[in-house]
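See below for the structure under consideration.
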Number of protein chains: 4
Amino acid sequence: MRVYEVQKGTTSLEGLRMAQRPDPQPGWHQLLIRVRAVSLNYRDHMVTLGRYFGGAVSRDTIPLSDGAGEVVAAGPGVTRFKAGDRVAGTFFQVWKDGPRSSSPPALGVPLDGTLAEYIALDQDGVVAIPTHLSFEEAAALPCAGVTAWHALMAAGRPVRAGDTVLCLGTGGVSTLAMQLAHAAGARVIVTSSSDAKLERARKLGASDTINYTATPEWEKEVARVTGGRGVDCVIEIGGAGTLARSMQSLGFGGKVCLIGFLGGPTGDTSPFPLMMKAASLHGISVGSTHMFEDMNRAIEQNRIQPAIDRVYPFEQAPDAYRRLASGDFFGKLVIAV
Amino acid sequence: MRVYEVQKGTTSLEGLRMAQRPDPQPGWHQLLIRVRAVSLNYRDHMVTLGRYFGGAVSRDTIPLSDGAGEVVAAGPGVTRFKAGDRVAGTFFQVWKDGPRSSSPPALGVPLDGTLAEYIALDQDGVVAIPTHLSFEEAAALPCAGVTAWHALMAAGRPVRAGDTVLCLGTGGVSTLAMQLAHAAGARVIVTSSSDAKLERARKLGASDTINYTATPEWEKEVARVTGGRGVDCVIEIGGAGTLARSMQSLGFGGKVCLIGFLGGPTGDTSPFPLMMKAASLHGISVGSTHMFEDMNRAIEQNRIQPAIDRVYPFEQAPDAYRRLASGDFFGKLVIAV
Amino acid sequence: MRVYEVQKGTTSLEGLRMAQRPDPQPGWHQLLIRVRAVSLNYRDHMVTLGRYFGGAVSRDTIPLSDGAGEVVAAGPGVTRFKAGDRVAGTFFQVWKDGPRSSSPPALGVPLDGTLAEYIALDQDGVVAIPTHLSFEEAAALPCAGVTAWHALMAAGRPVRAGDTVLCLGTGGVSTLAMQLAHAAGARVIVTSSSDAKLERARKLGASDTINYTATPEWEKEVARVTGGRGVDCVIEIGGAGTLARSMQSLGFGGKVCLIGFLGGPTGDTSPFPLMMKAASLHGISVGSTHMFEDMNRAIEQNRIQPAIDRVYPFEQAPDAYRRLASGDFFGKLVIAV
Amino acid sequence: MRVYEVQKGTTSLEGLRMAQRPDPQPGWHQLLIRVRAVSLNYRDHMVTLGRYFGGAVSRDTIPLSDGAGEVVAAGPGVTRFKAGDRVAGTFFQVWKDGPRSSSPPALGVPLDGTLAEYIALDQDGVVAIPTHLSFEEAAALPCAGVTAWHALMAAGRPVRAGDTVLCLGTGGVSTLAMQLAHAAGARVIVTSSSDAKLERARKLGASDTINYTATPEWEKEVARVTGGRGVDCVIEIGGAGTLARSMQSLGFGGKVCLIGFLGGPTGDTSPFPLMMKAASLHGISVGSTHMFEDMNRAIEQNRIQPAIDRVYPFEQAPDAYRRLASGDFFGKLVIAV
């Protein structure tokens, strides 16, 4: 089959090469999936830069954690799916349910990922995708969608109708968080440096938008539009220097959900505002198979369609990476396989 | 001022009489409220029958727990409201926040209630009403709305987007539960004996309706429309003989929220299905001031308008009671004051 | 290997026979365990009577869900254990973590159980046993211990120091609940018809005891000893006619944890007291692998030793069943293998 | 009556003076309490330095938040207590129950505090003290005890038997946290720079002690003694530079409870470890009346006696402050009134 590989030792996009691999075979409890679409996350960019956790990959690795496709064969012991089912794989293949109690390896690194024509996955690391979504749309969900759901609904007190959610930026996690929070009856505030993106965010359910270039002290604008009450949840994407303002944007009992790696392991900030507001800060890393299924019911019930910035053909996968690196996109970047 | 009184020893609607009382004065921490609209609950019917808890009222009592109006004066120590504010009183005047830890007396019985031109209430037993609601609509909320919110959002696991909520009947609690659950992104199933009412329920957000006269084993229809998964929450209004079917309608980890007195203290049923489904049963009695405020934010954010069956003029209050007794209504019965 | 089998169609203890089976082999992800001790639960008695759920067993079945032993071999894919580890199997082999979302088959019926010299189990259905416990003591934990832990700590609000827990009877679940609740700093009240057993319960941490023969309206005694406050948690073993009194024993916000099958699927009772006390009723069926591990840490930290009524040699397994059937025991009945 | 006052503009202990004030009178809903003992918290030291929040006090203020005594008179509307009752006041007089939703003024600053012969408090800001405690012991509870309880039992997941709790230092909050965690069946690890204090901590229930002078990288020792598992809860007292190590000490799903002002609003630290461990950080500020009552039941049930470093006579109150400033004490500093 055709795949892409991030070659051993890669530190730039040059290390991403198309290659051939033997078709995988479904082992015990595994499904063989014909991948139909995949999507990129910021993490995938870091991998090609050789700056993801332990540095450059130590073997040629098929990248990307997110993908959707069709089951084409089921290995021995499989009970949950059958050939023809439309499915997506989970980020942490082995986190099925409950709180996370280990750091399992994830698809894309160190495990081989989804940027391939076929992939074989354990049935417990696979979920059915919402029936109203295309493969391209479903490919947006495994990392960004589940992260957003986890942050909103499974970390600390779940967001409820009438709460206010502040989403930083308009990338994949933020746009899905907007849509899910809006579907849950919450008020959504979004920040961006682009008025055009803020306008698009309104179409996804945001009722309040803040251009952080025009309003650098955006926590004050958050206070103003909430009548001084502050927000119940911040989707904190981890950009350098935002955490302090995120904490200051909270209302009493609010939560900041810390996501992603934009600022990397740095980003020092005093947690003092948490004490003033009886608030909390939660570290979020994607989520479980069970969370993915819960989210899919929410997406299906509310006919949510993930925001897709652009769909690239398989042959132009590096272009998708380049757009990711540019930061100039709205929602998810998808590659059709 | 003009009021209605349920006269001492009353056992029928004949005991409800219009009367004169001196205007109340706001004491320490109290607001004087010009009542503009009130609403009826099943409990109020039971009071006129002399069948509410301890039996007939032991003194002439102003009935009804629910009302909305304008603050006209504030007593000493008041900090939360001022003259002109649009407010509603809470059912249990002294349950401000947290889990309920006593059985405080409620408005309407044994405390004097809202069917009067004026009422004086402690500021902690008063909330601001949503700005988009009329007084008639806001009067629908204190008992039925807060009960629905408590059941959905504060008892056990909160209902989330993608969950399924089963509402029994189309009275005040059920119609508000439908609207709140729909606003929260949940799927709503409703039962009724009237196809006309089921049709109206669809307008409030129900996507699935079951006529329990045509389908007496409605728990099987619930199983069918949920693909065998069952529901996450039942708004169980306590009609005789429904509890068993409610429990059988649950999915794994679901909750039955037991509300109201339709069946009174009888209604025996084996809780065995709770074991099979790892499920729970919660006794719900209205809610706290804090829950009322949380609900109001949800109502305001989602522009929910409570379903009002009919609004009666003050002079025709007994007619509102008669319609309540008939059971032939949809949503709330309101009296303008 | 030597095993016992409950023979197909069995409706009395006569159907329990010693037999020979081939030694099991550990498959993919499985451990081969040399069983050293097993314990009985009420369910096992029902199985020999042919009255457990679907009736008599439909094939010759090795009975019992509970056992502890040593790993003697690990199949392919095993990562969690190695030969020599001291372990116990879990009741529901495939409920690893999170809320239960299915009704998986359990050891003892329909799956072959632990009353055998060897058993092969998936590594996710196996836990390490506390280091201070003998195999006989550890064999007491899988069903009764995990059920008690689930009820106390994972259903509704966890029991905290200073809470009051009411344990009905002195069987396996109740005695372990006493010990765990006592270790958690809670006050423990116990009921029994035997003053001798109540005396033994005091040694396990109960501070208040009620002989329900001498005090049939024991809910009133519960109210008395708690100063009218009621209890926070009832370990309700499901004996006929106790549920009403259990609910009446609750304080505000309390929970009844409904366990076991003593009364079978009957046992009708009005849930009305739940409304008066803002209380809840939870159906409990054993628990997950994760709960078992959490409990084991509590047992190890607090040096809890399960109460063993008597240990029978393998050859006298039927005598253990007879004692179970008699109801005349305290804590757990164990068979050394 | 005799009182102490922190004089307007005070920036050193020189500003603490004994003075005379008229005896207070119990107003509506208030109790008049004869103060019998009070205790100091770090905050009280900051107040005399003029470095607590807004700076020096702006009027002569009776200091201290913590005290216990006897009710001598009840004002109109009082229902919860009567003359002769042994009580303590709450830190935030008006936070009765539920999550905190405002920043109410606290006793000691800006409200007049407890270092006086009498104090008049609203009955909802008063709790009964455990019967086995002296006034001196009970005076240790309002700030330090309730903070410890809140952190352990009401922030995020409650600590359960078998969990591991890491307490930083041996001041008031930490010593009470040790005792409460130990009573709850948890394992307790304590850090201090003094082996003598660590030895005393063992008597309060700590099973593992770390001298952070001898072991500056104490997070590694925490990892070692927990077998690499990490802890479930850190009582983080806010000393400069500890937060990073606290977060690194966590196990999966653990929580850091951020308490107090030792490091003030500074103390920057990357929250990155929270993401690796799916962990959370909670800002804790004392607690509600309801939490105080819950804690008292735990203290009474488990016969906990707060660790009192020393009791000073009223006339030597400044000496108590000096010892507080020295940092050289274990547990609580108390002044008999």
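Labeling convention for the structure tokens: chains A, B, ... as they appear, residues from 1 per chain, ligands from 1 in order of appearance.
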Open item on the list: Show me, as a list of chain:residue names, every residue of chain B with an atom at most 10 Å from chain D, counting only C-alpha atoms.
Closed with: B:Trp28, B:Trp95, B:Lys96, B:Asp97, B:Gly98, B:Pro99, B:Arg100, B:Ser101, B:His290
Please produce a file of the residues just selected, as a PDB file, in the first residue's frame, where the atoms kept are N, CA and C atoms.
ATOM      1  N   TRP B  28     -36.461  42.912  57.822  1.00  0.00           N
ATOM      2  CA  TRP B  28     -35.013  42.877  57.672  1.00  0.00           C
ATOM      3  C   TRP B  28     -34.658  41.897  56.563  1.00  0.00           C
ATOM      4  N   TRP B  95     -33.582  27.485  51.088  1.00  0.00           N
ATOM      5  CA  TRP B  95     -32.570  26.585  50.512  1.00  0.00           C
ATOM      6  C   TRP B  95     -31.783  27.376  49.469  1.00  0.00           C
ATOM      7  N   LYS B  96     -30.643  27.889  49.915  1.00  0.00           N
ATOM      8  CA  LYS B  96     -29.909  28.817  49.064  1.00  0.00           C
ATOM      9  C   LYS B  96     -28.975  28.082  48.100  1.00  0.00           C
ATOM     10  N   ASP B  97     -28.262  27.092  48.609  1.00  0.00           N
ATOM     11  CA  ASP B  97     -27.244  26.463  47.777  1.00  0.00           C
ATOM     12  C   ASP B  97     -26.855  25.117  48.373  1.00  0.00           C
ATOM     13  N   GLY B  98     -26.098  24.352  47.599  1.00  0.00           N
ATOM     14  CA  GLY B  98     -25.644  23.052  48.083  1.00  0.00           C
ATOM     15  C   GLY B  98     -26.771  22.049  48.077  1.00  0.00           C
ATOM     16  N   PRO B  99     -26.484  20.806  48.514  1.00  0.00           N
ATOM     17  CA  PRO B  99     -27.541  19.800  48.622  1.00  0.00           C
ATOM     18  C   PRO B  99     -28.541  20.204  49.701  1.00  0.00           C
ATOM     19  N   ARG B 100     -29.758  19.753  49.541  1.00  0.00           N
ATOM     20  CA  ARG B 100     -30.776  20.065  50.547  1.00  0.00           C
ATOM     21  C   ARG B 100     -30.473  19.301  51.826  1.00  0.00           C
ATOM     22  N   SER B 101     -30.527  19.985  52.969  1.00  0.00           N
ATOM     23  CA  SER B 101     -30.187  19.321  54.225  1.00  0.00           C
ATOM     24  C   SER B 101     -31.275  19.491  55.274  1.00  0.00           C
ATOM     25  N   HIS B 290     -29.679  28.845  44.073  1.00  0.00           N
ATOM     26  CA  HIS B 290     -28.567  28.754  43.135  1.00  0.00           C
ATOM     27  C   HIS B 290     -28.969  27.996  41.855  1.00  0.00           C
TER      28      HIS B 290
END
- [ ] For range 139-155 of chain C, list every protein, DNA or RNA residue within 7 Å, evaluated using only C-alpha atoms, and leave out those in the same chain fewer than 4 positions away; present the list as an MDAnalysis selection string.
- [x] chainID C and resid 37:39 66:68 89:91 135 159 172:173 176:177 257 282 284:287 291:292 295 306 332
Surrounding residues of Val337 in chain B excluding itself and chain neighbours under 3 positions, 10 Å, only C-alpha atoms, as a tab-separated table (two decimals) with all heavy atoms, in the first residue's frame:
chain	number	residue	atom	x	y	z
B	2	ARG	N	-55.71	42.62	47.81
B	2	ARG	CA	-56.56	41.48	47.50
B	2	ARG	C	-55.71	40.20	47.47
B	2	ARG	O	-54.59	40.22	46.93
B	2	ARG	CB	-57.23	41.65	46.14
B	2	ARG	CG	-58.28	42.76	46.12
B	2	ARG	CD	-59.05	42.70	44.83
B	2	ARG	NE	-58.16	42.73	43.68
B	2	ARG	CZ	-58.53	42.44	42.43
B	2	ARG	NH1	-59.78	42.07	42.17
B	2	ARG	NH2	-57.66	42.49	41.43
B	3	VAL	N	-56.24	39.17	48.02
B	3	VAL	CA	-55.56	37.87	48.00
B	3	VAL	C	-56.62	36.79	47.80
B	3	VAL	O	-57.82	37.08	47.87
B	3	VAL	CB	-54.83	37.56	49.35
B	3	VAL	CG1	-53.87	38.69	49.71
B	3	VAL	CG2	-55.84	37.35	50.49
B	34	ARG	N	-44.49	43.42	44.12
B	34	ARG	CA	-45.81	43.53	43.51
B	34	ARG	C	-45.96	42.33	42.59
B	34	ARG	O	-45.31	42.25	41.54
B	34	ARG	CB	-45.90	44.84	42.72
B	34	ARG	CG	-47.12	45.01	41.84
B	34	ARG	CD	-48.40	45.15	42.66
B	34	ARG	NE	-49.57	45.31	41.80
B	34	ARG	CZ	-50.34	44.32	41.36
B	34	ARG	NH1	-50.08	43.07	41.72
B	34	ARG	NH2	-51.38	44.57	40.60
B	35	VAL	N	-46.79	41.39	42.98
B	35	VAL	CA	-46.96	40.17	42.19
B	35	VAL	C	-47.68	40.51	40.89
B	35	VAL	O	-48.70	41.19	40.91
B	35	VAL	CB	-47.75	39.12	42.99
B	35	VAL	CG1	-47.94	37.85	42.15
B	35	VAL	CG2	-47.06	38.80	44.31
B	36	ARG	N	-47.14	40.03	39.78
B	36	ARG	CA	-47.76	40.33	38.48
B	36	ARG	C	-48.37	39.08	37.83
B	36	ARG	O	-49.28	39.19	37.03
B	36	ARG	CB	-46.73	40.95	37.55
B	36	ARG	CG	-46.18	42.30	38.05
B	36	ARG	CD	-47.21	43.42	37.89
B	36	ARG	NE	-47.57	43.54	36.50
B	36	ARG	CZ	-46.92	44.27	35.58
B	36	ARG	NH1	-45.89	45.01	35.97
B	36	ARG	NH2	-47.32	44.30	34.34
B	37	ALA	N	-47.83	37.93	38.16
B	37	ALA	CA	-48.40	36.69	37.62
B	37	ALA	C	-47.99	35.53	38.53
B	37	ALA	O	-46.92	35.57	39.15
B	37	ALA	CB	-47.90	36.43	36.20
B	38	VAL	N	-48.86	34.54	38.58
B	38	VAL	CA	-48.57	33.34	39.39
B	38	VAL	C	-48.91	32.12	38.55
B	38	VAL	O	-49.60	32.23	37.54
B	38	VAL	CB	-49.41	33.32	40.70
B	38	VAL	CG1	-49.08	34.54	41.56
B	38	VAL	CG2	-50.90	33.26	40.38
B	67	GLY	N	-44.61	32.64	41.58
B	67	GLY	CA	-45.04	33.96	41.17
B	67	GLY	C	-43.87	34.78	40.69
B	67	GLY	O	-42.72	34.52	41.02
B	68	ALA	N	-44.21	35.81	39.91
B	68	ALA	CA	-43.19	36.74	39.43
B	68	ALA	C	-43.77	38.14	39.51
B	68	ALA	O	-44.98	38.33	39.41
B	68	ALA	CB	-42.79	36.42	37.99
B	69	GLY	N	-42.88	39.10	39.71
B	69	GLY	CA	-43.38	40.47	39.83
B	69	GLY	C	-42.24	41.46	39.90
B	69	GLY	O	-41.10	41.15	39.52
B	114	THR	N	-48.26	33.04	46.84
B	114	THR	CA	-48.12	34.12	45.87
B	114	THR	C	-49.43	34.63	45.29
B	114	THR	O	-49.43	35.61	44.54
B	114	THR	CB	-47.25	33.62	44.69
B	114	THR	OG1	-47.89	32.48	44.10
B	114	THR	CG2	-45.85	33.26	45.14
B	115	LEU	N	-50.55	34.00	45.61
B	115	LEU	CA	-51.82	34.41	44.99
B	115	LEU	C	-52.37	35.64	45.73
B	115	LEU	O	-53.38	35.59	46.44
B	115	LEU	CB	-52.82	33.25	44.98
B	115	LEU	CG	-54.10	33.43	44.15
B	115	LEU	CD1	-53.82	33.93	42.74
B	115	LEU	CD2	-54.90	32.15	44.11
B	116	ALA	N	-51.63	36.74	45.56
B	116	ALA	CA	-51.89	37.97	46.31
B	116	ALA	C	-51.28	39.12	45.51
B	116	ALA	O	-50.42	38.90	44.65
B	116	ALA	CB	-51.23	37.89	47.68
B	117	GLU	N	-51.71	40.31	45.81
B	117	GLU	CA	-51.17	41.44	45.05
B	117	GLU	C	-49.73	41.78	45.47
B	117	GLU	O	-48.96	42.30	44.67
B	117	GLU	CB	-52.08	42.64	45.20
B	117	GLU	CG	-53.41	42.42	44.46
B	117	GLU	CD	-54.39	43.56	44.64
B	117	GLU	OE1	-54.46	44.14	45.75
B	117	GLU	OE2	-55.09	43.86	43.66
B	118	TYR	N	-49.43	41.50	46.71
B	118	TYR	CA	-48.07	41.77	47.20
B	118	TYR	C	-47.57	40.60	48.03
B	118	TYR	O	-48.36	39.87	48.65
B	118	TYR	CB	-48.04	43.03	48.09
B	118	TYR	CG	-48.32	44.29	47.32
B	118	TYR	CD1	-49.63	44.79	47.24
B	118	TYR	CD2	-47.30	44.98	46.66
B	118	TYR	CE1	-49.90	45.95	46.51
B	118	TYR	CE2	-47.57	46.14	45.94
B	118	TYR	CZ	-48.87	46.62	45.87
B	118	TYR	OH	-49.12	47.74	45.14
B	135	PHE	N	-43.89	38.42	32.63
B	135	PHE	CA	-44.16	37.95	34.00
B	135	PHE	C	-44.95	36.63	33.97
B	135	PHE	O	-44.73	35.76	34.80
B	135	PHE	CB	-44.95	39.01	34.78
B	135	PHE	CG	-44.12	40.20	35.18
B	135	PHE	CD1	-44.39	41.46	34.65
B	135	PHE	CD2	-43.07	40.06	36.08
B	135	PHE	CE1	-43.63	42.57	35.02
B	135	PHE	CE2	-42.30	41.18	36.45
B	135	PHE	CZ	-42.58	42.42	35.91
B	136	GLU	N	-45.83	36.50	33.00
B	136	GLU	CA	-46.62	35.26	32.92
B	136	GLU	C	-45.70	34.07	32.65
B	136	GLU	O	-45.86	33.00	33.22
B	136	GLU	CB	-47.66	35.36	31.79
B	136	GLU	CG	-48.85	36.25	32.11
B	136	GLU	CD	-48.53	37.74	32.01
B	136	GLU	OE1	-47.42	38.10	31.50
B	136	GLU	OE2	-49.35	38.56	32.45
B	312	TYR	N	-55.29	33.21	33.15
B	312	TYR	CA	-56.58	33.62	33.70
B	312	TYR	C	-56.45	34.96	34.41
B	312	TYR	O	-55.42	35.23	35.04
B	312	TYR	CB	-57.08	32.59	34.73
B	312	TYR	CG	-57.40	31.26	34.12
B	312	TYR	CD1	-56.39	30.32	33.86
B	312	TYR	CD2	-58.70	30.93	33.78
B	312	TYR	CE1	-56.68	29.09	33.30
B	312	TYR	CE2	-59.00	29.70	33.22
B	312	TYR	CZ	-57.99	28.79	32.98
B	312	TYR	OH	-58.28	27.57	32.41
B	313	PRO	N	-57.50	35.76	34.37
B	313	PRO	CA	-57.46	36.97	35.21
B	313	PRO	C	-57.61	36.60	36.69
B	313	PRO	O	-58.13	35.52	37.02
B	313	PRO	CB	-58.66	37.79	34.72
B	313	PRO	CG	-59.56	36.81	34.06
B	313	PRO	CD	-58.73	35.67	33.57
B	314	PHE	N	-57.12	37.47	37.55
B	314	PHE	CA	-57.14	37.23	38.99
B	314	PHE	C	-58.51	36.77	39.48
B	314	PHE	O	-58.63	35.86	40.30
B	314	PHE	CB	-56.71	38.52	39.71
B	314	PHE	CG	-56.48	38.37	41.18
B	314	PHE	CD1	-55.36	37.69	41.66
B	314	PHE	CD2	-57.37	38.93	42.10
B	314	PHE	CE1	-55.13	37.57	43.03
B	314	PHE	CE2	-57.15	38.81	43.48
B	314	PHE	CZ	-56.02	38.13	43.93
B	315	GLU	N	-59.54	37.41	38.94
B	315	GLU	CA	-60.90	37.14	39.42
B	315	GLU	C	-61.34	35.72	39.07
B	315	GLU	O	-62.28	35.19	39.68
B	315	GLU	CB	-61.88	38.15	38.80
B	315	GLU	CG	-61.65	39.58	39.25
B	315	GLU	CD	-60.39	40.22	38.65
B	315	GLU	OE1	-59.86	39.66	37.64
B	315	GLU	OE2	-59.89	41.21	39.21
B	317	ALA	N	-59.43	32.94	39.20
B	317	ALA	CA	-58.45	31.96	39.70
B	317	ALA	C	-59.07	30.57	39.88
B	317	ALA	O	-58.45	29.56	39.51
B	317	ALA	CB	-57.83	32.46	41.00
B	334	VAL	N	-51.57	29.78	34.27
B	334	VAL	CA	-51.08	31.02	34.87
B	334	VAL	C	-52.25	31.93	35.23
B	334	VAL	O	-53.29	31.93	34.55
B	334	VAL	CB	-50.13	31.74	33.88
B	334	VAL	CG1	-49.75	33.13	34.37
B	334	VAL	CG2	-48.88	30.89	33.66
Task: Residues within 8 Å of Leu274 in chain A, only C-alpha atoms, excluding chain neighbours under 3 positions, as a list in words - done: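 Surrounding residues, per the criterion: Met247, Pro271, Lys277, Ala278, Ala279, Ser280 and Leu281 of chain A; His282, Gly283 and Ile284 of chain D.
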Every residue of range 80-243 of chain D that DSSP places in alpha helix (DSSP H), as a compact mmCIF listing (two decimals) with N, CA and C atoms, in the first residue's frame:
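As written to disk, out-v6.txt reads:
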# COMPACT_ATOMS: atom_id res chain seq x y z
N PHE D 135 -11.71 24.24 74.13
CA PHE D 135 -11.82 25.46 73.33
C PHE D 135 -10.51 25.75 72.59
N GLU D 136 -9.41 25.47 73.24
CA GLU D 136 -8.12 25.72 72.59
C GLU D 136 -7.98 24.87 71.32
N GLU D 137 -8.39 23.61 71.43
CA GLU D 137 -8.30 22.74 70.26
C GLU D 137 -9.29 23.18 69.17
N ALA D 138 -10.49 23.51 69.60
CA ALA D 138 -11.51 23.90 68.62
C ALA D 138 -11.12 25.19 67.90
N VAL D 146 -10.75 23.78 58.17
CA VAL D 146 -11.72 23.80 57.06
C VAL D 146 -11.00 23.84 55.72
N THR D 147 -9.88 24.56 55.67
CA THR D 147 -9.08 24.56 54.44
C THR D 147 -8.60 23.16 54.11
N ALA D 148 -8.10 22.46 55.11
CA ALA D 148 -7.61 21.09 54.89
C ALA D 148 -8.75 20.18 54.43
N TRP D 149 -9.89 20.28 55.08
CA TRP D 149 -11.05 19.46 54.69
C TRP D 149 -11.49 19.76 53.26
N GLY D 172 -0.41 24.66 60.45
CA GLY D 172 -1.76 24.34 60.85
C GLY D 172 -2.52 23.55 59.79
N VAL D 173 -2.53 24.02 58.56
CA VAL D 173 -3.28 23.32 57.52
C VAL D 173 -2.70 21.93 57.30
N SER D 174 -1.37 21.84 57.24
CA SER D 174 -0.76 20.55 56.94
C SER D 174 -0.99 19.54 58.06
N THR D 175 -0.87 19.97 59.30
CA THR D 175 -1.05 18.99 60.37
C THR D 175 -2.50 18.50 60.42
N LEU D 176 -3.44 19.41 60.21
CA LEU D 176 -4.84 18.95 60.18
C LEU D 176 -5.11 18.10 58.96
N ALA D 177 -4.51 18.43 57.84
CA ALA D 177 -4.67 17.59 56.65
C ALA D 177 -4.13 16.19 56.89
N MET D 178 -2.97 16.10 57.56
CA MET D 178 -2.42 14.77 57.90
C MET D 178 -3.41 13.96 58.71
N GLN D 179 -3.95 14.60 59.74
CA GLN D 179 -4.85 13.88 60.64
C GLN D 179 -6.13 13.45 59.93
N LEU D 180 -6.68 14.37 59.14
CA LEU D 180 -7.92 14.05 58.44
C LEU D 180 -7.68 12.99 57.36
N ALA D 181 -6.58 13.10 56.65
CA ALA D 181 -6.28 12.11 55.61
C ALA D 181 -6.02 10.74 56.24
N HIS D 182 -5.30 10.75 57.33
CA HIS D 182 -5.04 9.48 58.02
C HIS D 182 -6.35 8.86 58.51
N ALA D 183 -7.22 9.68 59.08
CA ALA D 183 -8.51 9.17 59.55
C ALA D 183 -9.33 8.62 58.40
N ASP D 195 13.88 17.32 61.23
CA ASP D 195 13.62 15.91 61.55
C ASP D 195 12.74 15.78 62.79
N ALA D 196 12.88 16.72 63.71
CA ALA D 196 12.05 16.68 64.92
C ALA D 196 10.58 16.85 64.56
N LYS D 197 10.30 17.78 63.67
CA LYS D 197 8.91 17.98 63.25
C LYS D 197 8.40 16.77 62.47
N LEU D 198 9.26 16.19 61.68
CA LEU D 198 8.85 15.00 60.92
C LEU D 198 8.49 13.87 61.87
N GLU D 199 9.25 13.80 62.97
CA GLU D 199 8.96 12.77 63.96
C GLU D 199 7.59 13.01 64.59
N ARG D 200 7.29 14.26 64.86
CA ARG D 200 5.97 14.56 65.42
C ARG D 200 4.87 14.29 64.39
N ALA D 201 5.18 14.54 63.13
CA ALA D 201 4.18 14.28 62.08
C ALA D 201 3.80 12.80 62.03
N ARG D 202 4.78 11.94 62.32
CA ARG D 202 4.48 10.51 62.34
C ARG D 202 3.41 10.19 63.38
N LYS D 203 3.44 10.92 64.48
CA LYS D 203 2.44 10.66 65.53
C LYS D 203 1.04 11.09 65.09
N TRP D 218 12.77 16.56 46.46
CA TRP D 218 11.87 15.66 47.20
C TRP D 218 10.84 15.00 46.30
N GLU D 219 10.55 15.58 45.14
CA GLU D 219 9.57 14.92 44.25
C GLU D 219 10.09 13.56 43.81
N LYS D 220 11.41 13.42 43.75
CA LYS D 220 11.97 12.12 43.37
C LYS D 220 11.81 11.10 44.49
N GLU D 221 11.92 11.59 45.72
CA GLU D 221 11.71 10.69 46.85
C GLU D 221 10.23 10.29 46.94
N VAL D 222 9.35 11.22 46.62
CA VAL D 222 7.92 10.89 46.58
C VAL D 222 7.69 9.78 45.54
N ALA D 223 8.29 9.94 44.38
CA ALA D 223 8.15 8.91 43.35
C ALA D 223 8.68 7.57 43.86
N ARG D 224 9.81 7.63 44.57
CA ARG D 224 10.41 6.39 45.03
C ARG D 224 9.53 5.67 46.05
N VAL D 225 9.08 6.41 47.06
CA VAL D 225 8.31 5.73 48.12
C VAL D 225 6.93 5.29 47.65
N LEU D 243 5.69 24.63 43.96
CA LEU D 243 4.59 24.19 43.09
C LEU D 243 5.06 23.27 41.97
Task: 7 Å contact set for Leu64 in chain D, only C-alpha atoms, chain neighbours under 6 positions out, as a PyMOL selection string - done: chain D and resi 40+44+107-108+113-115
Task: For range 19-24 of chain C: contacts at 12 Å, only C-alpha atoms, fewer than 4 positions along chain excluded, given as a PyMOL selection string - done: chain C and resi 1-7+15+30-35+60-62+72-75+112+115-121+315
- [ ] Among the residues of range 61-202 of chain D, find those DSSP assigns to strand (DSSP E) from the backbone and print them as number ranges by chain.
- [x] D: 66-74, 86-89, 106-107, 110-111, 118-122, 126-128, 164-168, 187-192
Open item on the list: What's around Pro104 in chain B at 8 Å? Count only C-alpha atoms, leave out sequence neighbours fewer than 4 positions away in its own chain, and write the answer as an MDAnalysis selection string.
Closed with: chainID B and resid 92:95
For the selection you just gave me, I'd like the residues written to a file as a short mmCIF file (atom, residue, chain, number, x, y, z; two decimals), in the first residue's frame, keeping N, CA, C and O atoms.
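Below is the file that was written, result-v1.cif:
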data_model
loop_
_atom_site.label_atom_id
_atom_site.label_comp_id
_atom_site.auth_asym_id
_atom_site.auth_seq_id
_atom_site.Cartn_x
_atom_site.Cartn_y
_atom_site.Cartn_z
N PHE B 92 -38.69 26.86 48.11
CA PHE B 92 -38.22 26.69 49.49
C PHE B 92 -37.47 27.96 49.85
O PHE B 92 -36.27 28.07 49.54
N GLN B 93 -38.03 28.87 50.48
CA GLN B 93 -37.42 30.17 50.69
C GLN B 93 -35.99 30.11 51.24
O GLN B 93 -35.17 30.96 50.92
N VAL B 94 -35.68 29.10 52.03
CA VAL B 94 -34.38 29.14 52.73
C VAL B 94 -33.34 28.13 52.22
O VAL B 94 -32.31 27.95 52.84
N TRP B 95 -33.58 27.49 51.09
CA TRP B 95 -32.57 26.59 50.51
C TRP B 95 -31.78 27.38 49.47
O TRP B 95 -32.16 27.47 48.32
#
